[in-house]
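Beneath this line is the structure, given in structure tokens, with notes to follow.
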Amino acid sequence: MSVEAELLVIVKKYMTQEMDIAPETKLTEMGLDSLDVVEIVFEIEDKYKIQLPQSSEEMATATFRDLCAIVEQRMSGKGEVAGGAQQPA
């Protein structure tokens with residue numbers, strides 16, 4: 001299963017209503033509250049053994065595409081986060 005497909009399963013688990021998720025859909029547009037976003041972040045971190053941005057605001061305004069890109073970058077060992085910013089060493 002691809003990272004995108006696995007993330008889709010994780011995110012849909014926390015959604016209260018069924019909807020299609022497009023790559024440009026923001027997490028906040030999926031009916032997720034801040035606690036849901038934090039739980040999703042924790043589950044992703046546990047699953048992939050990575051650390052995602054700690055700002056819940058940053059994650060809540062991220063699109064599904066952003067989330068996939070962040071996870072794939074962190075898994076590949078690149079120190080970059082979405083938007084080209086460097087992760088502190």
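Here's how to read the names in the structure tokens: chain A, B, ... by the order shown, residue numbers from 1 in each chain, ligand numbers from 1 in the order shown.
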Extract the full set of alpha helix (DSSP H) residues from chain A according to DSSP on the backbone, and format it as a PyMOL selection string. chain A and resi 3-14+34-48+56-60+64-76
Please produce a file of those selected residues containing C-alpha atoms, as a PDB file, in the first residue's frame.
```
ATOM      1  CA  VAL A   3       1.958   6.154   1.721  1.00  0.00           C
ATOM      2  CA  GLU A   4      -0.936   8.163   0.284  1.00  0.00           C
ATOM      3  CA  ALA A   5      -3.321   5.205   0.626  1.00  0.00           C
ATOM      4  CA  GLU A   6      -2.159   4.494   4.187  1.00  0.00           C
ATOM      5  CA  LEU A   7      -2.579   8.146   5.184  1.00  0.00           C
ATOM      6  CA  LEU A   8      -6.034   8.164   3.662  1.00  0.00           C
ATOM      7  CA  VAL A   9      -7.021   5.217   5.877  1.00  0.00           C
ATOM      8  CA  ILE A  10      -5.648   6.981   8.978  1.00  0.00           C
ATOM      9  CA  VAL A  11      -7.368  10.299   8.227  1.00  0.00           C
ATOM     10  CA  LYS A  12     -10.726   8.720   7.334  1.00  0.00           C
ATOM     11  CA  LYS A  13     -10.721   6.903  10.678  1.00  0.00           C
ATOM     12  CA  TYR A  14     -11.068  10.279  12.438  1.00  0.00           C
ATOM     13  CA  SER A  34      -7.760  20.137  16.647  1.00  0.00           C
ATOM     14  CA  LEU A  35      -7.760  17.014  18.826  1.00  0.00           C
ATOM     15  CA  ASP A  36      -8.389  14.848  15.754  1.00  0.00           C
ATOM     16  CA  VAL A  37      -5.437  16.485  13.985  1.00  0.00           C
ATOM     17  CA  VAL A  38      -3.169  15.854  16.992  1.00  0.00           C
ATOM     18  CA  GLU A  39      -4.264  12.206  17.142  1.00  0.00           C
ATOM     19  CA  ILE A  40      -3.653  11.801  13.402  1.00  0.00           C
ATOM     20  CA  VAL A  41      -0.167  13.299  13.788  1.00  0.00           C
ATOM     21  CA  PHE A  42       0.628  10.920  16.678  1.00  0.00           C
ATOM     22  CA  GLU A  43      -0.637   7.905  14.740  1.00  0.00           C
ATOM     23  CA  ILE A  44       1.414   8.839  11.664  1.00  0.00           C
ATOM     24  CA  GLU A  45       4.524   9.431  13.787  1.00  0.00           C
ATOM     25  CA  ASP A  46       4.102   6.041  15.466  1.00  0.00           C
ATOM     26  CA  LYS A  47       3.455   4.211  12.202  1.00  0.00           C
ATOM     27  CA  TYR A  48       6.353   5.682  10.243  1.00  0.00           C
ATOM     28  CA  SER A  56      -1.206  21.977  15.270  1.00  0.00           C
ATOM     29  CA  GLU A  57      -2.143  25.127  13.332  1.00  0.00           C
ATOM     30  CA  GLU A  58       0.396  24.268  10.633  1.00  0.00           C
ATOM     31  CA  MET A  59      -0.937  20.728  10.369  1.00  0.00           C
ATOM     32  CA  ALA A  60      -4.596  21.818  10.457  1.00  0.00           C
ATOM     33  CA  PHE A  64      -3.835  16.185   2.187  1.00  0.00           C
ATOM     34  CA  ARG A  65      -1.137  16.608  -0.499  1.00  0.00           C
ATOM     35  CA  ASP A  66       1.006  18.582   1.998  1.00  0.00           C
ATOM     36  CA  LEU A  67       0.596  15.828   4.580  1.00  0.00           C
ATOM     37  CA  CYS A  68       1.679  13.164   2.080  1.00  0.00           C
ATOM     38  CA  ALA A  69       4.674  15.255   1.007  1.00  0.00           C
ATOM     39  CA  ILE A  70       5.779  15.909   4.602  1.00  0.00           C
ATOM     40  CA  VAL A  71       5.573  12.213   5.499  1.00  0.00           C
ATOM     41  CA  GLU A  72       7.437  11.124   2.361  1.00  0.00           C
ATOM     42  CA  GLN A  73      10.170  13.737   2.948  1.00  0.00           C
ATOM     43  CA  ARG A  74      10.606  12.716   6.571  1.00  0.00           C
ATOM     44  CA  MET A  75      10.716   9.029   5.613  1.00  0.00           C
ATOM     45  CA  SER A  76      13.371   9.662   2.991  1.00  0.00           C
TER      46      SER A  76
END
```
I'd like the contact shell of region 15-19 of chain A - 7 Å cut-off, only C-alpha atoms, skipping same-chain residues fewer than 6 positions apart - returned as a PyMOL selection string. chain A and resi 30-32
Create the file for the chosen residues now, containing N, CA and C atoms and written as a PDB file, in the first residue's frame.
```
ATOM      1  N   MET A  30     -12.143  18.696   6.391  1.00  0.00           N
ATOM      2  CA  MET A  30     -12.591  17.306   6.487  1.00  0.00           C
ATOM      3  C   MET A  30     -13.434  17.066   7.733  1.00  0.00           C
ATOM      4  N   GLY A  31     -13.794  18.133   8.433  1.00  0.00           N
ATOM      5  CA  GLY A  31     -14.598  17.991   9.643  1.00  0.00           C
ATOM      6  C   GLY A  31     -13.773  17.539  10.842  1.00  0.00           C
ATOM      7  N   LEU A  32     -12.462  17.741  10.794  1.00  0.00           N
ATOM      8  CA  LEU A  32     -11.587  17.337  11.893  1.00  0.00           C
ATOM      9  C   LEU A  32     -11.392  18.505  12.853  1.00  0.00           C
TER      10      LEU A  32
END
```
Measure the distance from CA of Gly77 (chain A) to CA of Met1 (chain A) in Å and round it to one decimal. 20.1 Å
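Contact shell of Thr25 (chain A) at 7 Å (only C-alpha atoms; same-chain neighbours under 4 positions omitted): A:Ile21, A:Glu29, A:Thr63, A:Phe64.
DSSP, applied to the backbone of this structure, assigns strand (DSSP E or B) to the following residues of chain A: Lys26, Thr63, Glu80 and Gln86 of chain A.
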Could you save the residues just selected, with N, CA and C atoms, as a compact mmCIF listing (two decimals), in the first residue's frame?
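For reference, selection.txt as written:
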```
# COMPACT_ATOMS: atom_id res chain seq x y z
N LYS A 26 -8.02 20.61 2.66
CA LYS A 26 -7.34 20.89 3.92
C LYS A 26 -7.91 19.99 5.00
N THR A 63 -2.86 20.72 3.46
CA THR A 63 -3.74 19.93 2.59
C THR A 63 -3.34 18.47 2.70
N GLU A 80 13.81 18.65 4.92
CA GLU A 80 12.94 19.73 4.47
C GLU A 80 11.50 19.45 4.86
N GLN A 86 13.92 24.51 6.08
CA GLN A 86 14.78 23.45 6.59
C GLN A 86 14.40 23.12 8.02
```
